[in-house]
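Student: Attaching a single structure in C-alpha cells format; questions to follow.
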Amino acid sequence: MIPSKGEIPLEIEILESSSGEITMSTKAIEEAIGSSIEFADALSVIMFDFMVEANKTEVLLKIGLTSDEAGEYRKLLKPRPPRTKSIN
C-alpha cells in the first residue's frame with residue numbers, strides 16, 4: 001500500500017458524497033487485506049488505482065489502440081462475478 005503519511009503534505013478537498021463512497025471502500029479494503037485502515041489509507045489506494053488505470057490507457061494508446069478500443073479493453077480486464085446457470 002502507498003503510505004498515507006509522509007514528508008510531503010497533501011491537502012485534498014472531497015465532496016461529502018465522495019467521502020461516503022470512500023468510507024464504504026475503506027470497509028471493503030479492510031475485508032480484502034484483513035486489517036483495519038484509516039480513511040487516508042483508503043484514499044491512497046483509490047488514487048493509486050486511478051493512476052494505474054490512467055497509465056494503462058496511455059500505454060494502450062501508444063501501442064496503437066484508439067481511446068474507445070482502450071476503454072473496451074480495460075472493461076475486458078475487470079473481473080466479473082462468475083456466471084451461473086440453473087438446470088431444472
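To be explicit about the labels: the chains of the C-alpha cells are called A, B, and onward in the order shown, and within each one the residues are counted from 1, while ligands get numbers from 1 in the order they are shown.
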List every residue of chain A that DSSP, applied to the backbone of this structure, places in alpha helix (DSSP H), and write the result as an MDAnalysis selection string.

Tutor: chainID A and resid 16:33 39:62 67:77

Student: Residues at most 10 Å from Glu69 in chain A, counting only C-alpha atoms, excluding those fewer than 6 positions away in the same chain, as a list in words?

Tutor: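 Surrounding residues, per the criterion: Thr57, Leu60, Leu61 and Lys75 of chain A.
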
Student: Excluding Ile46 in chain A and its own-chain neighbours fewer than 2 positions away, which residues fall within 12 Å of it when counting only C-alpha atoms? Please give them as a ChimeraX atom specification.

Tutor: /A:1-2,4,18,21-26,28-29,39-44,48-53
